[in-house]
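As stored in start.cif (mmCIF, C-alpha atoms and all ligand atoms):
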data_query
#
loop_
_atom_site.label_atom_id
_atom_site.label_comp_id
_atom_site.auth_asym_id
_atom_site.auth_seq_id
_atom_site.Cartn_x
_atom_site.Cartn_y
_atom_site.Cartn_z
CA MET Z 1392 273.02 41.82 133.43
CA ASN Z 1393 273.96 44.48 130.93
CA GLU Z 1394 273.58 43.99 127.17
CA SER Z 1395 276.77 45.86 126.34
CA THR Z 1396 279.61 44.27 124.43
CA ILE Z 1397 283.01 45.01 125.93
CA ALA Z 1398 286.27 44.94 123.96
CA PHE Z 1399 289.47 44.53 125.99
CA ILE Z 1400 292.36 46.03 124.08
CA GLY Z 1401 295.50 44.44 125.52
CA ALA Z 1402 294.53 41.16 127.15
CA GLY Z 1403 297.22 40.99 129.85
CA ASN Z 1404 297.01 40.73 133.63
CA MET Z 1405 294.60 43.57 134.33
CA ALA Z 1406 292.27 42.71 131.44
CA SER Z 1407 292.20 39.04 132.53
CA SER Z 1408 291.25 40.04 136.06
CA ILE Z 1409 288.38 42.20 134.84
CA ILE Z 1410 287.20 39.55 132.38
CA GLY Z 1411 287.32 36.93 135.18
CA GLY Z 1412 285.40 39.21 137.53
CA LEU Z 1413 282.73 39.98 134.97
CA ILE Z 1414 282.23 36.30 134.10
CA ASN Z 1415 282.03 35.41 137.81
CA ASN Z 1416 279.36 38.09 138.12
CA GLY Z 1417 277.29 36.62 135.29
CA TRP Z 1418 278.35 38.80 132.33
CA PRO Z 1419 277.63 36.74 129.19
CA THR Z 1420 280.87 35.47 127.64
CA TYR Z 1421 279.57 36.16 124.12
CA GLN Z 1422 279.57 39.89 124.97
CA LEU Z 1423 283.30 39.98 125.73
CA ILE Z 1424 286.09 40.28 123.15
CA ALA Z 1425 289.82 40.46 123.88
CA THR Z 1426 292.77 41.52 121.74
CA ALA Z 1427 296.53 41.20 122.14
CA ARG Z 1428 299.57 41.49 119.95
CA THR Z 1429 300.10 37.75 119.62
CA GLU Z 1430 297.87 34.76 118.93
CA GLU Z 1431 299.75 32.89 121.69
CA THR Z 1432 298.48 35.26 124.43
CA LEU Z 1433 295.00 35.05 123.01
CA SER Z 1434 294.88 31.25 123.00
CA ASP Z 1435 295.47 31.34 126.79
CA ILE Z 1436 292.60 33.81 127.16
CA ARG Z 1437 290.29 31.67 125.02
CA GLU Z 1438 291.17 28.56 126.98
CA LYS Z 1439 290.59 30.27 130.31
CA PHE Z 1440 287.45 32.27 129.55
CA ASN Z 1441 285.96 30.86 126.35
CA ILE Z 1442 285.48 34.35 124.85
CA GLU Z 1443 286.05 35.75 121.36
CA THR Z 1444 289.58 36.97 120.68
CA THR Z 1445 291.34 38.67 117.78
CA VAL Z 1446 294.71 40.25 117.03
CA ASP Z 1447 292.80 42.91 115.09
CA ASN Z 1448 292.00 45.80 117.46
CA HIS Z 1449 289.74 47.45 114.86
CA GLN Z 1450 287.58 44.36 114.53
CA ALA Z 1451 287.01 44.23 118.31
CA VAL Z 1452 286.39 47.96 118.66
CA GLY Z 1453 283.95 48.04 115.75
CA LYS Z 1454 281.57 45.75 117.68
CA ALA Z 1455 282.06 47.24 121.11
CA ASP Z 1456 279.82 49.43 123.28
CA VAL Z 1457 282.59 49.66 125.84
CA ILE Z 1458 286.28 49.75 125.00
CA MET Z 1459 288.60 48.90 127.88
CA LEU Z 1460 292.08 50.16 127.07
CA CYS Z 1461 294.30 47.76 129.03
CA VAL Z 1462 297.62 48.20 127.22
CA LYS Z 1463 300.73 49.55 128.95
CA PRO Z 1464 300.91 53.35 129.23
CA GLN Z 1465 303.85 53.61 126.81
CA VAL Z 1466 301.86 52.15 123.89
CA MET Z 1467 298.57 53.93 124.64
CA LYS Z 1468 299.18 56.82 122.24
CA GLU Z 1469 299.90 54.53 119.30
CA VAL Z 1470 296.97 52.19 120.09
CA LEU Z 1471 294.32 54.85 120.70
CA THR Z 1472 295.33 57.07 117.78
CA ASP Z 1473 295.14 54.07 115.48
CA LEU Z 1474 291.74 52.98 116.82
CA SER Z 1475 289.95 56.32 116.89
CA SER Z 1476 288.35 55.91 113.44
CA SER Z 1477 286.72 52.55 114.37
CA ILE Z 1478 285.08 53.63 117.65
CA LYS Z 1479 281.24 53.61 117.55
CA PRO Z 1480 279.78 57.11 118.20
CA ASN Z 1481 278.12 56.20 121.52
CA ALA Z 1482 280.83 53.93 122.80
CA LEU Z 1483 282.33 54.35 126.26
CA ILE Z 1484 286.12 54.33 126.49
CA ILE Z 1485 287.72 53.25 129.78
CA SER Z 1486 291.46 53.54 130.27
CA VAL Z 1487 293.19 51.62 133.06
CA ALA Z 1488 296.63 52.99 132.18
CA ALA Z 1489 298.50 54.60 135.05
CA GLY Z 1490 299.61 58.17 134.45
CA ILE Z 1491 297.79 58.77 131.14
CA THR Z 1492 295.75 61.96 131.55
CA MET Z 1493 292.26 62.70 130.24
CA GLU Z 1494 293.76 65.45 128.08
CA SER Z 1495 296.01 62.92 126.33
CA LEU Z 1496 293.22 60.37 125.93
CA GLN Z 1497 290.96 63.02 124.34
CA LYS Z 1498 293.76 64.27 122.11
CA TRP Z 1499 294.55 60.77 120.82
CA GLY Z 1500 290.98 59.41 120.65
CA GLY Z 1501 288.86 62.50 119.97
CA GLU Z 1502 287.33 65.32 122.05
CA HIS Z 1503 283.78 64.01 121.41
CA LEU Z 1504 284.41 60.65 123.10
CA SER Z 1505 282.95 59.52 126.44
CA ILE Z 1506 286.04 58.62 128.42
CA VAL Z 1507 286.61 57.28 131.92
CA ARG Z 1508 290.08 57.30 133.38
CA SER Z 1509 290.42 54.57 135.99
CA MET Z 1510 293.05 53.80 138.59
CA PRO Z 1511 292.71 50.16 139.70
CA ASN Z 1512 295.23 48.60 142.10
CA THR Z 1513 297.08 45.29 142.18
CA PRO Z 1514 294.63 43.36 144.43
CA SER Z 1515 292.20 43.77 141.52
CA LEU Z 1516 294.07 40.74 140.15
CA LEU Z 1517 292.36 38.77 142.99
CA GLN Z 1518 289.09 40.63 142.47
CA CYS Z 1519 289.77 42.42 145.75
CA GLY Z 1520 290.73 45.75 144.23
CA ALA Z 1521 290.01 49.37 145.06
CA SER Z 1522 289.66 51.60 141.99
CA GLY Z 1523 289.31 55.34 141.52
CA LEU Z 1524 287.28 56.59 138.52
CA TYR Z 1525 287.14 59.95 136.77
CA ALA Z 1526 284.79 60.76 133.87
CA ASN Z 1527 284.93 63.52 131.27
CA ASN Z 1528 281.83 65.64 130.64
CA ASN Z 1529 280.59 63.42 127.79
CA VAL Z 1530 280.04 60.43 130.08
CA SER Z 1531 276.32 59.83 130.77
CA ASN Z 1532 274.81 58.41 133.95
CA ASP Z 1533 274.14 55.14 132.11
CA HIS Z 1534 277.80 54.98 131.18
CA LYS Z 1535 278.74 55.62 134.81
CA LYS Z 1536 276.46 52.81 135.94
CA LEU Z 1537 278.08 50.50 133.39
CA THR Z 1538 281.53 51.53 134.61
CA ASP Z 1539 280.49 50.78 138.20
CA ASP Z 1540 279.31 47.31 137.14
CA ILE Z 1541 282.68 46.61 135.51
CA PHE Z 1542 284.87 47.83 138.38
CA ASN Z 1543 282.70 46.35 141.11
CA ALA Z 1544 283.42 42.98 139.47
CA ILE Z 1545 287.06 43.33 140.59
CA GLY Z 1546 286.48 44.94 144.00
CA ILE Z 1547 285.10 48.35 144.91
CA ALA Z 1548 285.15 51.56 142.88
CA LYS Z 1549 284.82 55.23 143.83
CA TRP Z 1550 284.25 58.24 141.56
CA VAL Z 1551 286.25 61.43 141.98
CA ASP Z 1552 284.95 64.68 140.50
CA GLN Z 1553 288.31 66.28 139.70
CA GLU Z 1554 291.05 64.59 137.75
CA SER Z 1555 293.70 65.87 140.16
CA LEU Z 1556 292.13 63.62 142.82
CA ILE Z 1557 293.37 60.59 140.87
CA ASP Z 1558 296.77 61.49 142.40
CA ALA Z 1559 295.20 61.12 145.85
CA VAL Z 1560 293.69 57.78 144.78
CA ILE Z 1561 297.18 56.68 143.73
CA ALA Z 1562 298.58 57.70 147.14
CA VAL Z 1563 295.82 55.81 149.01
CA SER Z 1564 294.86 52.69 147.06
CA GLY Z 1565 297.24 52.61 144.07
CA SER Z 1566 300.43 52.52 146.13
CA GLY Z 1567 298.65 51.48 149.34
CA PRO Z 1568 299.08 47.71 149.06
CA ALA Z 1569 302.86 48.21 149.27
CA TYR Z 1570 302.53 50.20 152.52
CA TYR Z 1571 300.77 47.24 154.12
CA PHE Z 1572 303.33 44.83 152.63
CA LEU Z 1573 306.09 46.93 154.22
CA LEU Z 1574 304.40 46.80 157.62
CA MET Z 1575 303.95 43.04 157.27
CA GLU Z 1576 307.61 42.68 156.29
CA ILE Z 1577 308.73 44.63 159.37
CA MET Z 1578 306.39 42.79 161.75
CA GLU Z 1579 307.57 39.43 160.41
CA GLN Z 1580 311.21 40.39 160.94
CA VAL Z 1581 310.65 41.74 164.44
CA GLY Z 1582 308.60 38.67 165.38
CA SER Z 1583 311.58 36.53 164.37
CA ARG Z 1584 313.97 38.72 166.36
CA LEU Z 1585 311.68 38.28 169.36
CA GLY Z 1586 312.30 34.54 169.14
CA LEU Z 1587 309.52 33.15 166.91
CA ASP Z 1588 310.68 30.93 164.08
CA ASN Z 1589 310.39 32.69 160.71
CA GLU Z 1590 307.44 30.69 159.46
CA THR Z 1591 305.45 31.15 162.66
CA SER Z 1592 306.15 34.88 162.62
CA ARG Z 1593 305.14 35.10 158.95
CA GLN Z 1594 301.88 33.22 159.39
CA LEU Z 1595 300.86 35.10 162.53
CA THR Z 1596 301.61 38.43 160.81
CA LEU Z 1597 299.69 37.64 157.62
CA GLN Z 1598 296.66 36.21 159.37
CA THR Z 1599 296.61 39.24 161.67
CA ALA Z 1600 296.63 41.58 158.64
CA LEU Z 1601 293.80 39.61 157.05
CA GLY Z 1602 291.81 39.49 160.29
CA ALA Z 1603 292.26 43.22 160.93
CA ALA Z 1604 291.26 44.06 157.34
CA ARG Z 1605 288.16 41.88 157.60
CA MET Z 1606 287.17 43.38 160.95
CA ALA Z 1607 287.62 46.90 159.58
CA THR Z 1608 285.66 46.22 156.39
CA GLU Z 1609 282.88 44.21 158.03
CA SER Z 1610 282.36 46.32 161.14
CA SER Z 1611 279.87 49.17 161.42
CA VAL Z 1612 282.39 51.30 163.36
CA ASP Z 1613 285.50 52.96 161.97
CA ALA Z 1614 289.12 51.85 162.32
CA ALA Z 1615 289.85 54.38 165.08
CA GLU Z 1616 287.01 52.98 167.21
CA LEU Z 1617 288.07 49.38 166.56
CA ARG Z 1618 291.56 50.30 167.69
CA ARG Z 1619 290.26 52.00 170.85
CA ARG Z 1620 288.15 48.95 171.67
CA ILE Z 1621 291.15 46.61 171.64
CA THR Z 1622 293.48 49.03 173.44
CA SER Z 1623 293.01 48.37 177.14
CA PRO Z 1624 294.31 51.06 179.50
CA LYS Z 1625 297.86 50.26 180.60
CA GLY Z 1626 297.88 47.15 178.40
CA THR Z 1627 300.39 45.89 175.83
CA THR Z 1628 298.60 47.33 172.78
CA GLU Z 1629 298.45 50.75 174.42
CA GLN Z 1630 302.21 50.69 174.93
CA ALA Z 1631 302.80 49.83 171.25
CA ILE Z 1632 300.30 52.40 169.91
CA LYS Z 1633 301.74 55.11 172.20
CA THR Z 1634 305.18 54.35 170.81
CA PHE Z 1635 303.93 54.61 167.20
CA GLN Z 1636 302.26 57.94 167.93
CA GLU Z 1637 305.01 59.50 170.01
CA GLN Z 1638 307.61 58.52 167.41
CA GLY Z 1639 305.69 60.30 164.65
CA LEU Z 1640 304.02 57.51 162.66
CA PRO Z 1641 301.03 59.72 161.63
CA GLU Z 1642 303.34 62.46 160.29
CA LEU Z 1643 305.53 59.87 158.57
CA VAL Z 1644 302.57 58.27 156.78
CA GLU Z 1645 301.36 61.70 155.67
CA LYS Z 1646 304.81 62.57 154.37
CA ALA Z 1647 305.04 59.27 152.46
CA MET Z 1648 301.59 59.72 150.88
CA ASN Z 1649 302.41 63.28 149.86
CA ALA Z 1650 305.60 61.98 148.25
CA ALA Z 1651 303.46 59.51 146.25
CA VAL Z 1652 301.19 62.38 145.10
CA ASP Z 1653 304.22 64.50 144.08
CA ARG Z 1654 305.65 61.62 142.08
CA SER Z 1655 302.32 60.92 140.40
CA ILE Z 1656 302.11 64.57 139.30
CA GLU Z 1657 305.68 64.43 137.98
CA LEU Z 1658 304.99 61.25 135.98
CA ALA Z 1659 301.73 62.43 134.33
P1 LIG M 1 300.29 43.34 130.68
O1 LIG M 1 301.63 43.50 130.04
O2 LIG M 1 299.99 42.09 131.44
O3 LIG M 1 299.18 43.49 129.54
C1 LIG M 1 299.28 44.32 128.44
C2 LIG M 1 298.78 43.53 127.22
O4 LIG M 1 298.71 44.43 126.11
C3 LIG M 1 299.68 42.38 126.76
O5 LIG M 1 298.93 41.18 126.70
C4 LIG M 1 300.09 42.77 125.33
O6 LIG M 1 300.10 41.64 124.45
C5 LIG M 1 298.98 43.69 124.94
N1 LIG M 1 299.34 44.63 123.87
C6 LIG M 1 300.50 45.33 123.70
N2 LIG M 1 300.41 46.10 122.60
C7 LIG M 1 299.17 45.89 122.08
C8 LIG M 1 298.51 46.39 120.94
N3 LIG M 1 299.08 47.26 120.11
N4 LIG M 1 297.26 45.97 120.71
C9 LIG M 1 296.66 45.07 121.52
N5 LIG M 1 297.24 44.56 122.62
C10 LIG M 1 298.49 44.97 122.87
O7 LIG M 1 300.07 44.63 131.59
P2 LIG M 1 299.04 44.82 132.84
O8 LIG M 1 299.76 44.59 134.10
O9 LIG M 1 297.78 44.10 132.55
O10 LIG M 1 298.82 46.39 132.74
C11 LIG M 1 297.95 46.91 131.76
C12 LIG M 1 297.52 48.31 132.12
O11 LIG M 1 296.90 48.27 133.40
C13 LIG M 1 298.69 49.28 132.23
O12 LIG M 1 298.36 50.45 131.50
C14 LIG M 1 298.82 49.56 133.71
O13 LIG M 1 299.21 50.90 133.94
C15 LIG M 1 297.40 49.32 134.19
N6 LIG M 1 297.35 48.93 135.61
C16 LIG M 1 297.78 47.69 135.99
C17 LIG M 1 297.75 47.34 137.33
C18 LIG M 1 298.18 45.96 137.77
O14 LIG M 1 298.04 45.68 138.96
N7 LIG M 1 298.65 45.08 136.88
C19 LIG M 1 297.28 48.27 138.29
C20 LIG M 1 296.84 49.53 137.86
C21 LIG M 1 296.87 49.85 136.51
#

Any chance you could put this one into structure tokens?
Ligand code: NAD
Amino acid sequence: MNESTIAFIGAGNMASSIIGGLINNGWPTYQLIATARTEETLSDIREKFNIETTVDNHQAVGKADVIMLCVKPQVMKEVLTDLSSSIKPNALIISVAAGITMESLQKWGGEHLSIVRSMPNTPSLLQCGASGLYANNNVSNDHKKLTDDIFNAIGIAKWVDQESLIDAVIAVSGSGPAYYFLLMEIMEQVGSRLGLDNETSRQLTLQTALGAARMATESSVDAAELRRRITSPKGTTEQAIKTFQEQGLPELVEKAMNAAVDRSIELA
């Protein structure tokens, strides 16, 4: 495992998930440091992970080879501007903050810094995440490898070579969990209207989503082929799929994902 020391600035939900993932993957606890505003938050982190903690961001950053900026977007400017003087020259900075651009990170931290902008999603909290990563030109291949190790500890991670593609990542995986939740919500409700009791409808829906996701991720063929294989001619599934397609589901999903991209651009 890597010899790098990682400082988590802002030990909240996302930082805890990454710390948990790294420890599960064998990262030595003595190479992890976490900071937060209050000692109370930090005592929970210490109890859970047995890692070093401090309320002093400078102290953590001074020791760190990798600095994970896990604070909320609205405090990022204040935190990074304050920290810039303590960052080691070869350190790698990774931001998980939604909507904070590379230009802002460089302006607040320094143009010379190696910075990765990441876009993790909520299932990362269960170490089942899908993250998009974008690096500035200062980031070396070793730094990229290190970043992969960190994000693979909470799921899968994919690099994009243009920052604008982070908006596409947001439309696919950032907002994506909610699309599936919506479909589950609708299927549960319709199942109940078709006569199933609510709990039966809920459990059948959720297990079906899990089973379909596992088949799609574990199979060597793509989702379209899996769908074709379980759609018998003139069968029930064919009737349902035909209805989805004739009623414009593909166009609707495209419209919704474009709306997510537009909103992401507006917010940045
Ligand atoms: P959170 O509120 O759980 O954690 C933020 C932590 O930052 C808190 O523990 C707080 O004490 C600490 N903090 C605040 N000011 C600080 C300061 N000056 N110095 C040190 N620590 C400070 O939030 P979260 O859900 O973990 O989100 C953190 C970041 O992750 C956000 O920027 C968010 O955009 C990004 N993110 C989160 C998710 C998610 O699923 N939770 C998904 C994608 C991106």

Distance criterion (all atoms listed in the file): nearest to Thr1538 in chain Z out of Z:Thr1596, Z:Gln1518, Z:Asn1512, Z:Ser1505: Z:Ser1505

Collect all residues with atoms no farther than 7 Å from ligand LIG 1 (chain M), counting all atoms listed in the file, and output them as a ChimeraX atom specification. /Z:1400-1406,1426-1429,1432,1446,1448,1461-1464,1466,1470,1487-1489,1510-1516,1565

As an exercise, work out the distance from CA of Ile1414 in chain Z to CA of Gly1546 in chain Z in Å and give it to one decimal place. 13.8 Å

Go ahead and compute the interatomic distance for CA of Val1563 in chain Z and CA of Ser1486 in chain Z, in Å to one decimal.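 Interatomic distance, CA of Val1563 in chain Z to CA of Ser1486 in chain Z: 19.4 Å.
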
Choose the residue, out of Z:Leu1496, Z:Ala1544, Z:Leu1537, Z:Leu1483, that has the smallest atom-to-atom separation from Glu1469 in chain Z; count all atoms listed in the file.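 Nearest to Glu1469 in chain Z: Z:Leu1496.
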
To one decimal place, how far is CA of Glu1616 in chain Z from CA of Arg1593 in chain Z in Å? 26.8 Å

Using all atoms listed in the file: which of Z:Met1459, Z:Leu1617, Z:Ile1577, Z:Ala1607 has the shortest distance to Ile1424 in chain Z: Z:Met1459

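Comparing Z:Asp1540, Z:Asp1473, Z:Glu1637, Z:Asp1558 by their smallest distance to Gly1417 in chain Z, the closest is Z:Asp1540 (using all atoms listed in the file).
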
Using only C-alpha atoms for the distances, tell me which of Z:Lys1498, Z:Ser1655, Z:Lys1536, Z:Pro1568 is nearest to Thr1472 in chain Z.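 Among Z:Lys1498, Z:Ser1655, Z:Lys1536, Z:Pro1568, it is Z:Lys1498 that comes nearest to Thr1472 in chain Z.
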
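For the set Z:Ala1398, Z:Ala1604, Z:Leu1517, Z:Val1551, the residue with the smallest atom-to-atom gap to Gln1422 in chain Z is Z:Ala1398, counting all atoms listed in the file.
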
Which residues, written as a PyMOL selection string, have at least one atom at most 12 Å from Glu1502 in chain Z, with all atoms listed in the file counted and residues fewer than 6 positions away on the same chain left out? chain Z and resi 1475+1480+1484+1493-1496+1527-1530

Let me have the centre and edge lengths of the axis-aligned box enclosing all listed atoms of range 1569-1583 of chain Z with 3 Å padding on every side, in Å to one decimal, as lines of an AutoDock Vina configuration file.
center_x = 306.2
center_y = 43.4
center_z = 157.3
size_x = 16.8
size_y = 19.7
size_z = 22.1

Contacts of Ser1476 in chain Z within 10 Å, all atoms listed in the file, excl. fewer than 5 positions in-chain, as a list of chain:residue names: Z:His1449, Z:Val1452, Z:Gly1453, Z:Leu1471, Z:Gly1500, Z:Gly1501
